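Trainee: Input: one structure, supplied below.
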Amino acid sequence: MAGTGLVFVGYVLLHMYGNLKLLAGEEAFNTYAEHLRTIGEPMLPHGGLLWAIRVVLVLSLVGHAYAAYSLWSRAGSARRTKYAAVKTASRTAWMRWGGTFILLFVVWHLLQFTILKFSVNGDKQGADVTQNPYELVVASFQVPWNTLIYVLALVALAFHLSHGTFSAQQTLGLTGDAGAYRRAKVVGHALAAVVVVGFLIPPLSILFGLIT
Amino acid sequence: MNLTLKIWRQAGPRHRGELKTYKVSDISPDMSFLEMLDVLNEQLNAAGEEPVAFDSDCREGICGMCGLMISGHAHGPEKTTTCQLHMRSFSDGDVITVEPWRADAFPVIKDLVVDRGSFDRIIQAGGYVSVNTGAAPDAHATPVPKANADRAFVAAECIGCGACVAACPNASAMLFMGAKVTHLSELPQGQPERMARVVSMVEQHDEEGFGGCTNVGACSQACPKGIPQDVISTLNKDLRSALRA
């Protein structure tokens, strides 16, 4: 959980940086998107680094999900008779159901922007939109329900990251005294806050017409 | 105080159990929770019914024998053991649900009594030092830095009551094991067996059918001795070093 989770933390931060390029305008954003494919050439083939990252992400996803679902099922068999009185809605429910929601969201997100590249905006259709990364992003987030899906996913991601980042540090044995433990908690909350704010800026700017 | 109690009744390990409702009246707020159950049992005895079975021994919060899930809280709403929980923590007219620790590694023997032999077997797997340490040595015979001694002491406060497992959403015994590992890992006497200890204790833990730790922290909140989460980190670190070696 910890190792694969940290891969995702690193990736999410890179992804956020890329999204913020949207604020620099169409040319900067599209150049960045193209550069992701040409980076490392001619040492690497076209899109080589991007594919390497994708392979690492898929392997991490498989590992992360496998570990999560085995912990989930182990928890189920470790307490087959449940309590009649349950006091707390547990963080495990946030991690497990939240994580499942994030997984479904990632499928939607990849279909929308990577695999199929379709526009959910009725007014903006056609190859001009779908083959231009900047136009596709702007068109998509002008649609309130689509933006809402992303906001909900970010809320789930924030909870997931604030516990997950702390938890990874504890699993790796980095929280061995009271000070380190508090620091790990703070790192988790701070990372969650940075990621949510960083990822929300572009879609909300588009929704409220600051970027057109 | 007048209270309504919903208590788990189960005749034996293989019987089906259920929550039964009882009423107790004129309970003094100065009674402990177990004394309140004693009152109920006298009532049941007088009526010719089977008294409620529950574990207790020292009744002063140091032995770890008692432990009940009280309305969803291990050892009740205060940070203490069930025997040191007093009825002033409740209000007149309260409905209180009393259940045994729930974990497949802690099978119910009868009513509220569970078998915590799995903890003993984890200790047998490695929670010891294999040399005869004799009588208490002179304090300066083996120097231990103050910080390590303090931390070892905090971890050694664990009384093995099982509240950590009971409160854990995964029914994991990681805090218990972390406390035992940290206690010995902080001291010179624990060093020779440090790596072998953590590996065999974790193996035994998993074999007993406890769940896996997801660092939720419900264990430390429930612990009557306030064992901190950072002992789990020490356990993880020792396990990682042991597996690498």
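Letters for chains follow the order of the structure tokens (A, B, ...), residue numbers begin at 1 for each chain, and ligand numbers begin at 1 in the order shown.
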Tell me, as a PyMOL selection string, which residues lie within 10 Å of Gln221 (chain B), counting only C-alpha atoms; anything in the same chain fewer than 2 positions away does not count.
Mentor: chain B and resi 73-74+79+163-164+167-168+217-219+223-229
Trainee: Can you list, as a ChimeraX atom specification, every residue of region 12-211 of chain B that DSSP puts in helix (DSSP H, G or I)?
Mentor: /B:33-46,82-84,87-89,117-126,146-156,163-167,174-185,188-190,194-207
Trainee: Using only C-alpha atoms, which residues of chain B come within 10 Å of chain A, and what is the closest atom pair for each, with the distance in Å to one decimal? Give it as JSON lines, sorted by chain and residue number.
Mentor:
{"residue": "B:Lys6", "atom": "CA", "partner": "A:Ala84", "partner_atom": "CA", "distance": 10.0}
{"residue": "B:Trp8", "atom": "CA", "partner": "A:Ala84", "partner_atom": "CA", "distance": 9.5}
{"residue": "B:Glu18", "atom": "CA", "partner": "A:Ala84", "partner_atom": "CA", "distance": 9.9}
{"residue": "B:Leu19", "atom": "CA", "partner": "A:Ala84", "partner_atom": "CA", "distance": 8.6}
{"residue": "B:Met69", "atom": "CA", "partner": "A:Tyr83", "partner_atom": "CA", "distance": 8.6}
{"residue": "B:Ile70", "atom": "CA", "partner": "A:Ala85", "partner_atom": "CA", "distance": 8.3}
{"residue": "B:Ser71", "atom": "CA", "partner": "A:Ala85", "partner_atom": "CA", "distance": 5.5}
{"residue": "B:Gly72", "atom": "CA", "partner": "A:Val86", "partner_atom": "CA", "distance": 4.8}
{"residue": "B:His73", "atom": "CA", "partner": "A:Lys87", "partner_atom": "CA", "distance": 6.9}
{"residue": "B:Ile96", "atom": "CA", "partner": "A:Ala85", "partner_atom": "CA", "distance": 9.4}
{"residue": "B:Thr97", "atom": "CA", "partner": "A:Ala85", "partner_atom": "CA", "distance": 6.7}
{"residue": "B:Val98", "atom": "CA", "partner": "A:Ala85", "partner_atom": "CA", "distance": 8.6}
{"residue": "B:Glu99", "atom": "CA", "partner": "A:Tyr83", "partner_atom": "CA", "distance": 7.4}
{"residue": "B:Pro100", "atom": "CA", "partner": "A:Tyr83", "partner_atom": "CA", "distance": 8.8}
{"residue": "B:Trp101", "atom": "CA", "partner": "A:Tyr83", "partner_atom": "CA", "distance": 8.7}
{"residue": "B:Arg102", "atom": "CA", "partner": "A:Arg79", "partner_atom": "CA", "distance": 6.2}
{"residue": "B:Ala103", "atom": "CA", "partner": "A:Arg79", "partner_atom": "CA", "distance": 4.5}
{"residue": "B:Asp104", "atom": "CA", "partner": "A:Ala78", "partner_atom": "CA", "distance": 5.2}
{"residue": "B:Ala105", "atom": "CA", "partner": "A:Ala78", "partner_atom": "CA", "distance": 7.0}
{"residue": "B:Phe106", "atom": "CA", "partner": "A:Arg79", "partner_atom": "CA", "distance": 9.3}
{"residue": "B:Arg151", "atom": "CA", "partner": "A:Asp177", "partner_atom": "CA", "distance": 8.8}
{"residue": "B:Val165", "atom": "CA", "partner": "A:Arg79", "partner_atom": "CA", "distance": 9.9}
{"residue": "B:Ala166", "atom": "CA", "partner": "A:Arg79", "partner_atom": "CA", "distance": 9.4}
{"residue": "B:Ala167", "atom": "CA", "partner": "A:Val86", "partner_atom": "CA", "distance": 9.9}
{"residue": "B:Cys168", "atom": "CA", "partner": "A:Ala75", "partner_atom": "CA", "distance": 9.4}
{"residue": "B:Pro169", "atom": "CA", "partner": "A:Thr92", "partner_atom": "CA", "distance": 7.1}
{"residue": "B:Asn170", "atom": "CA", "partner": "A:Ala75", "partner_atom": "CA", "distance": 4.3}
{"residue": "B:Ala171", "atom": "CA", "partner": "A:Ala78", "partner_atom": "CA", "distance": 5.9}
{"residue": "B:Ser172", "atom": "CA", "partner": "A:Ala78", "partner_atom": "CA", "distance": 7.9}
{"residue": "B:Thr182", "atom": "CA", "partner": "A:Gly176", "partner_atom": "CA", "distance": 9.6}
{"residue": "B:Asp206", "atom": "CA", "partner": "A:Arg74", "partner_atom": "CA", "distance": 9.9}
{"residue": "B:Glu208", "atom": "CA", "partner": "A:Ala78", "partner_atom": "CA", "distance": 9.2}
{"residue": "B:Gly209", "atom": "CA", "partner": "A:Ala78", "partner_atom": "CA", "distance": 5.7}
{"residue": "B:Phe210", "atom": "CA", "partner": "A:Ala78", "partner_atom": "CA", "distance": 5.3}
{"residue": "B:Gly211", "atom": "CA", "partner": "A:Ala75", "partner_atom": "CA", "distance": 4.9}
{"residue": "B:Gly212", "atom": "CA", "partner": "A:Leu71", "partner_atom": "CA", "distance": 5.8}
{"residue": "B:Cys213", "atom": "CA", "partner": "A:Leu71", "partner_atom": "CA", "distance": 8.1}
{"residue": "B:Thr214", "atom": "CA", "partner": "A:Ser167", "partner_atom": "CA", "distance": 7.1}
{"residue": "B:Asn215", "atom": "CA", "partner": "A:Ser167", "partner_atom": "CA", "distance": 5.6}
{"residue": "B:Val216", "atom": "CA", "partner": "A:Arg91", "partner_atom": "CA", "distance": 6.4}
{"residue": "B:Gly217", "atom": "CA", "partner": "A:Arg91", "partner_atom": "CA", "distance": 9.3}
{"residue": "B:Ala218", "atom": "CA", "partner": "A:Ser90", "partner_atom": "CA", "distance": 8.7}
{"residue": "B:Pro228", "atom": "CA", "partner": "A:Ala178", "partner_atom": "CA", "distance": 7.9}
{"residue": "B:Gln229", "atom": "CA", "partner": "A:Tyr181", "partner_atom": "CA", "distance": 7.9}
{"residue": "B:Asp230", "atom": "CA", "partner": "A:Gly176", "partner_atom": "CA", "distance": 4.9}
{"residue": "B:Val231", "atom": "CA", "partner": "A:Gly176", "partner_atom": "CA", "distance": 6.7}
{"residue": "B:Ile232", "atom": "CA", "partner": "A:Gln170", "partner_atom": "CA", "distance": 7.3}
{"residue": "B:Ser233", "atom": "CA", "partner": "A:Gly173", "partner_atom": "CA", "distance": 4.3}
{"residue": "B:Thr234", "atom": "CA", "partner": "A:Gly176", "partner_atom": "CA", "distance": 5.5}
{"residue": "B:Leu235", "atom": "CA", "partner": "A:Gly173", "partner_atom": "CA", "distance": 7.5}
{"residue": "B:Asn236", "atom": "CA", "partner": "A:Gly173", "partner_atom": "CA", "distance": 5.2}
{"residue": "B:Lys237", "atom": "CA", "partner": "A:Gly173", "partner_atom": "CA", "distance": 4.3}
{"residue": "B:Asp238", "atom": "CA", "partner": "A:Gly173", "partner_atom": "CA", "distance": 8.1}
{"residue": "B:Leu239", "atom": "CA", "partner": "A:Gly173", "partner_atom": "CA", "distance": 9.2}
{"residue": "B:Arg240", "atom": "CA", "partner": "A:Leu172", "partner_atom": "CA", "distance": 8.0}
Trainee: Store the residues of this selection in a file with C-alpha atoms, as a PDB file, in the first residue's frame.
Mentor:
ATOM      1  CA  LYS B   6     -28.842  -4.680  26.473  1.00  0.00           C
ATOM      2  CA  TRP B   8     -25.005 -10.155  24.880  1.00  0.00           C
ATOM      3  CA  GLU B  18     -28.427 -12.605  21.269  1.00  0.00           C
ATOM      4  CA  LEU B  19     -28.835  -9.257  22.999  1.00  0.00           C
ATOM      5  CA  MET B  69     -17.630  -3.162  24.524  1.00  0.00           C
ATOM      6  CA  ILE B  70     -19.950  -0.584  26.080  1.00  0.00           C
ATOM      7  CA  SER B  71     -22.317   1.118  23.618  1.00  0.00           C
ATOM      8  CA  GLY B  72     -19.716   0.844  20.878  1.00  0.00           C
ATOM      9  CA  HIS B  73     -16.725   1.994  22.978  1.00  0.00           C
ATOM     10  CA  ILE B  96     -26.387   0.777  27.514  1.00  0.00           C
ATOM     11  CA  THR B  97     -25.390  -1.959  25.070  1.00  0.00           C
ATOM     12  CA  VAL B  98     -22.800  -4.390  26.455  1.00  0.00           C
ATOM     13  CA  GLU B  99     -21.037  -6.756  24.070  1.00  0.00           C
ATOM     14  CA  PRO B 100     -17.941  -8.954  24.236  1.00  0.00           C
ATOM     15  CA  TRP B 101     -14.778  -8.060  22.290  1.00  0.00           C
ATOM     16  CA  ARG B 102     -15.547  -9.021  18.699  1.00  0.00           C
ATOM     17  CA  ALA B 103     -12.746 -10.724  16.781  1.00  0.00           C
ATOM     18  CA  ASP B 104     -12.484 -14.211  15.361  1.00  0.00           C
ATOM     19  CA  ALA B 105      -9.125 -14.473  17.140  1.00  0.00           C
ATOM     20  CA  PHE B 106     -11.004 -13.838  20.425  1.00  0.00           C
ATOM     21  CA  ARG B 151       9.763   4.861  25.677  1.00  0.00           C
ATOM     22  CA  VAL B 165      -8.290  -5.381  18.764  1.00  0.00           C
ATOM     23  CA  ALA B 166     -11.867  -4.751  19.875  1.00  0.00           C
ATOM     24  CA  ALA B 167     -11.812  -1.143  18.670  1.00  0.00           C
ATOM     25  CA  CYS B 168      -9.905  -1.766  15.424  1.00  0.00           C
ATOM     26  CA  PRO B 169     -12.115  -1.736  12.320  1.00  0.00           C
ATOM     27  CA  ASN B 170      -9.819  -4.456  10.948  1.00  0.00           C
ATOM     28  CA  ALA B 171      -9.647  -6.458  14.223  1.00  0.00           C
ATOM     29  CA  SER B 172      -5.864  -6.200  14.044  1.00  0.00           C
ATOM     30  CA  THR B 182       8.943  -1.586  21.173  1.00  0.00           C
ATOM     31  CA  ASP B 206      -1.478 -13.511  11.099  1.00  0.00           C
ATOM     32  CA  GLU B 208      -4.320 -16.357  14.700  1.00  0.00           C
ATOM     33  CA  GLY B 209      -6.635 -14.666  12.201  1.00  0.00           C
ATOM     34  CA  PHE B 210      -6.230 -11.041  13.274  1.00  0.00           C
ATOM     35  CA  GLY B 211      -6.810  -8.463  10.545  1.00  0.00           C
ATOM     36  CA  GLY B 212      -4.183  -6.265   8.873  1.00  0.00           C
ATOM     37  CA  CYS B 213      -3.318  -2.800  10.200  1.00  0.00           C
ATOM     38  CA  THR B 214      -4.362   0.234   8.146  1.00  0.00           C
ATOM     39  CA  ASN B 215      -3.061   2.824  10.639  1.00  0.00           C
ATOM     40  CA  VAL B 216      -6.521   4.089  11.548  1.00  0.00           C
ATOM     41  CA  GLY B 217      -5.578   4.792  15.175  1.00  0.00           C
ATOM     42  CA  ALA B 218      -8.798   3.588  16.840  1.00  0.00           C
ATOM     43  CA  PRO B 228       0.769   5.596  21.249  1.00  0.00           C
ATOM     44  CA  GLN B 229       0.566   4.777  17.541  1.00  0.00           C
ATOM     45  CA  ASP B 230       4.299   5.240  17.073  1.00  0.00           C
ATOM     46  CA  VAL B 231       4.959   1.734  18.494  1.00  0.00           C
ATOM     47  CA  ILE B 232       3.389   0.435  15.265  1.00  0.00           C
ATOM     48  CA  SER B 233       5.999   2.356  13.316  1.00  0.00           C
ATOM     49  CA  THR B 234       8.769   0.717  15.356  1.00  0.00           C
ATOM     50  CA  LEU B 235       7.229  -2.687  14.669  1.00  0.00           C
ATOM     51  CA  ASN B 236       7.098  -1.934  10.924  1.00  0.00           C
ATOM     52  CA  LYS B 237      10.660  -0.665  10.890  1.00  0.00           C
ATOM     53  CA  ASP B 238      11.984  -3.702  12.782  1.00  0.00           C
ATOM     54  CA  LEU B 239      10.044  -6.036  10.490  1.00  0.00           C
ATOM     55  CA  ARG B 240      11.452  -4.334   7.411  1.00  0.00           C
TER      56      ARG B 240
END
Trainee: Write out as a tab-separated table (two decimals) with N, CA and C atoms, in the first residue's frame each polymer residue whose atoms come within 8 Å of His46 (chain A), counting only C-alpha atoms; drop sequence neighbours fewer than 6 positions from it.
Mentor:
chain	number	residue	atom	x	y	z
A	37	ARG	N	5.33	14.08	-24.82
A	37	ARG	CA	5.54	12.98	-25.77
A	37	ARG	C	6.93	13.01	-26.40
A	38	THR	N	7.49	14.21	-26.51
A	38	THR	CA	8.79	14.31	-27.19
A	38	THR	C	9.95	14.32	-26.21
A	39	ILE	N	9.66	14.38	-24.92
A	39	ILE	CA	10.72	14.48	-23.91
A	39	ILE	C	11.64	13.26	-24.01
Trainee: Pick out the closest residue to Met36 (chain B) from this set: B:Cys63, B:Arg244, B:Gly117, B:Cys83. Count only C-alpha atoms.
Mentor: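 Closest to Met36 (chain B) of all the choices is B:Cys83.
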Trainee: Which residues, written as a list of chain:residue names, have at least one atom at most 10 Å from Ser185 (chain B), with only C-alpha atoms counted and residues fewer than 3 positions away on the same chain left out?
Mentor: B:Asn148, B:Arg151, B:Ala152, B:Ala179, B:Lys180, B:Val181, B:Thr182, B:Pro188, B:Gln189, B:Gly190, B:Gln191, B:Pro192, B:Glu193, B:Arg194, B:Met195, B:Arg197, B:Val198, B:Thr234, B:Leu235, B:Asp238
Trainee: Could you state the separation of CA of Asp128 (chain A) and CA of Asn146 (chain A) in Å, given to one decimal place?
Mentor: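 Those two atoms sit 20.1 Å apart.
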